[in-house]
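Undergrad: The structure's right below; bear with me while I get my questions together.
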Amino acid sequence: MATLLSRLGRFSFRRRRLVALLWLALLVGAAVLAGRAPAAPPNDFSMPGTEAQQAYDLLEQSFPELNADGAAARVVFRAEDGKVTDAATRGAIEDTVRALGDGPQVVRVTDPFATRSVSEDGTTAYAQVSYAVSAAELEEDSRTALQETVERAASPELSVEAGGNAVSAMPGGHSSEAVGLAVAAVVLVVTFGSLLAAGLPLLTALLGVGVGALAIKVLAAPLGLGATTTSLAVMIGLAVGIDYALFVVSRYRAELARGRDGTQAAGHAVGTAGSAVVFAGLTVVIALAGLSVVGIPMLTQMGLAAAGTVVLAVLIAVTLVPALLGLCGRRIGPARPRRRERRADRAARPSMGVRWARFVVRRP
């Protein structure tokens with residue numbers, strides 16, 4: 001394995017423009033196909049074999065109008081002066097219930113007076129709004145219509161509030177990934193002391209995540225991948241992409257510091273650090289693919305999609321990273337001689353890590 005990877009690293013370093021163009025072509029091709037791909041199907045949140053799923057199935061068979069797995073909102077009415085059963089207040093509540101029933105994607109709204117959802121003191125009542133789709137598939141227009149209806153119904157005499165999973169917007173975006181990238185950039189700059197060396201792992205990680213996300217979009221309709229399948233793939237793809245590229249870049253710089261030329265340093269880096277990358281990536285792929293054993297469709301989809309992204313990260317680390325190292329040339333190289341000398345002087349004294357390792361070995 002090490003010999004094969006070493007040859008691959010030297011080939012990628014020597015044919016760096018060809019390898020970089022192939023990866024760029026793959027990214028562009030995936031983007032074109034993703035632009036033409038149909039929309040992803042709805043997420044399948046079913047959990048076959050579990051008691052919860054059996055309860056949902058029983059409710060669906062006996063009371064299909066309830067739509068047990070759909071989004072829901074509870075609208076609470078409170079009379080500020082008097083009772084909700086007063087003629088004027090009751091009329092306002094009934095008008096609001098009818099308006100809620102006319103909202104998009106709504107399948108059923110309960111009448112608090114028909115279902116006796118009124119408090120004993122008569123000051124509070126609530127209505128249940130059921131939707132035809134799950135909270136993840138609920139359109140923003142449906143949430144907006146619900147909020148606007150509640151706001152119109154509110155008055156000095158009647159307080160109206162809404163809650164439930166149909167009210168809260170589902171978390172979106174990738175703000176956490178952006179924060180993680182910023183932190184990783186700072187750590188890499190401090191570690192390498194070079195913006196170029198620090199930026200290369202980030203660039204290759206983003207490329208791998210981009211190709212992976214586009215590939216998931218292309219395969220979503222044929223393989224039935226849910227709309228949220230990309231989330232786990234992006235998170236894990238960024239983590240392993242930066243990590244694996246960092247292994248190779250760090251070893252490459254170390255080999256240059258030992259006096260090897262670029263081709264030899266790239267081959268040795270991929271043959272050694274690349275072997276660790278392949279082993280680590282294979283372990284992660286097996287673990288993610290193991291999510292399919294649970295038997296939950298959504299977990300299976302997310303696990304396999306993330307496993308595919310990890311495979312891309314491994315391939316990028318052993319092919320594209322040495323190619324980019326070749327394109328960067330000596331700009332990604334070892335530390336300056338003076339700095340190396342100071343580090344060598346410090347290395348002559350055992351570090352805390354070395355002292356700890358010796359302590360453990362002496363006292364197994």
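Identifiers in the structure tokens: chain A, B, ... in order shown; residue index from 1 per chain; ligand index from 1 in order shown.
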Select from range 165-362 of chain A everything DSSP, run on the backbone, classes as alpha helix (DSSP H), then give the selection as a ChimeraX atom specification.
TA: /A:175-192,195-223,230-257,262-289,297-315,321-328,337-348,352-362
Undergrad: Please provide as a tab-separated table (two decimals) with N, CA and C atoms, in the first residue's frame all residues within 9 Å of range 275-279 of chain A, with the sequence filter that same-chain residues fewer than 2 positions apart are discarded (counting only C-alpha atoms).
TA:
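Wrote it out as part.tsv, contents follow:
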```
chain	number	residue	atom	x	y	z
A	1	MET	N	0.82	-1.20	0.00
A	1	MET	CA	0.00	0.00	0.00
A	1	MET	C	0.86	1.26	0.00
A	2	ALA	N	1.88	1.29	0.86
A	2	ALA	CA	2.74	2.47	0.95
A	2	ALA	C	3.47	2.72	-0.37
A	5	LEU	N	0.96	4.06	-2.97
A	5	LEU	CA	0.62	5.45	-2.68
A	5	LEU	C	1.79	6.38	-2.97
A	243	ASP	N	-8.42	17.52	7.86
A	243	ASP	CA	-7.52	16.65	8.62
A	243	ASP	C	-6.60	15.85	7.69
A	244	TYR	N	-7.17	15.22	6.68
A	244	TYR	CA	-6.37	14.37	5.80
A	244	TYR	C	-5.37	15.19	4.98
A	245	ALA	N	-5.81	16.34	4.47
A	245	ALA	CA	-4.88	17.18	3.70
A	245	ALA	C	-3.76	17.70	4.60
A	247	PHE	N	-2.39	16.16	7.12
A	247	PHE	CA	-1.38	15.11	7.28
A	247	PHE	C	-0.34	15.16	6.17
A	248	VAL	N	-0.84	15.22	4.94
A	248	VAL	CA	0.06	15.16	3.78
A	248	VAL	C	0.91	16.42	3.68
A	270	VAL	N	2.95	11.08	0.66
A	270	VAL	CA	1.74	10.31	0.35
A	270	VAL	C	1.91	8.85	0.74
A	271	GLY	N	3.15	8.32	0.61
A	271	GLY	CA	3.37	6.93	0.98
A	271	GLY	C	3.26	6.68	2.48
A	272	THR	N	3.61	7.67	3.29
A	272	THR	CA	3.56	7.50	4.75
A	272	THR	C	2.28	8.09	5.34
A	273	ALA	N	2.15	9.42	5.26
A	273	ALA	CA	0.94	10.06	5.77
A	273	ALA	C	-0.30	9.62	4.99
A	281	GLY	N	-9.61	6.86	6.74
A	281	GLY	CA	-10.80	7.05	5.92
A	281	GLY	C	-11.62	5.78	5.80
A	282	LEU	N	-10.92	4.65	5.63
A	282	LEU	CA	-11.64	3.37	5.53
A	282	LEU	C	-12.40	3.07	6.83
A	283	THR	N	-11.79	3.40	7.96
A	283	THR	CA	-12.45	3.19	9.25
A	283	THR	C	-13.71	4.03	9.36
A	284	VAL	N	-13.63	5.31	8.96
A	284	VAL	CA	-14.79	6.19	9.02
A	284	VAL	C	-15.88	5.73	8.07
A	311	VAL	N	-14.79	9.27	1.20
A	311	VAL	CA	-14.01	8.66	0.11
A	311	VAL	C	-13.41	9.75	-0.78
A	314	VAL	N	-10.43	11.32	0.93
A	314	VAL	CA	-9.24	10.48	0.85
A	314	VAL	C	-8.59	10.59	-0.53
A	315	LEU	N	-9.41	10.50	-1.57
A	315	LEU	CA	-8.86	10.60	-2.94
A	315	LEU	C	-8.21	11.95	-3.19
A	317	ALA	N	-6.81	13.84	-0.89
A	317	ALA	CA	-5.58	13.93	-0.10
A	317	ALA	C	-4.41	13.23	-0.79
A	318	VAL	N	-4.66	12.13	-1.49
A	318	VAL	CA	-3.56	11.36	-2.08
A	318	VAL	C	-3.32	11.71	-3.55
```
Undergrad: Excluding same-chain residues fewer than 4 positions from range 145-148 of chain A, what lies within 7 Å of it counting only C-alpha atoms, as an MDAnalysis selection string?
TA: chainID A and resid 100 103 141 152
Undergrad: Keeping only N, CA and C atoms, take the residues you just selected and write them out as a compact mmCIF listing (two decimals), in the first residue's frame.
TA:
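Everything below was put into out_2.txt:
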```txt
# COMPACT_ATOMS: atom_id res chain seq x y z
N LEU A 100 -57.72 29.98 10.07
CA LEU A 100 -56.62 29.02 10.16
C LEU A 100 -56.83 27.84 9.23
N GLY A 103 -55.58 28.22 5.66
CA GLY A 103 -54.14 28.38 5.43
C GLY A 103 -53.57 27.30 4.53
N ASP A 141 -44.43 29.92 3.53
CA ASP A 141 -45.71 30.62 3.37
C ASP A 141 -46.74 30.12 4.37
N ARG A 152 -53.65 39.00 13.52
CA ARG A 152 -54.91 39.69 13.23
C ARG A 152 -55.96 39.40 14.30
```
Undergrad: For CA of Val75 in chain A and CA of Tyr126 in chain A, quote the distance in Å rounded to one decimal.
TA: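 Between these atoms lies a distance of 5.4 Å.
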Undergrad: Considering only C-alpha atoms, return as a list in words whatever protein or nucleic-acid residues lie within 7 Å of Arg78 in chain A, sequence-local ones (same chain, fewer than 2 positions apart) excluded.
TA: Val76, Glu80, Val84, Thr123, Thr124, Ala125, Leu158, Ser159 and Val160 of chain A
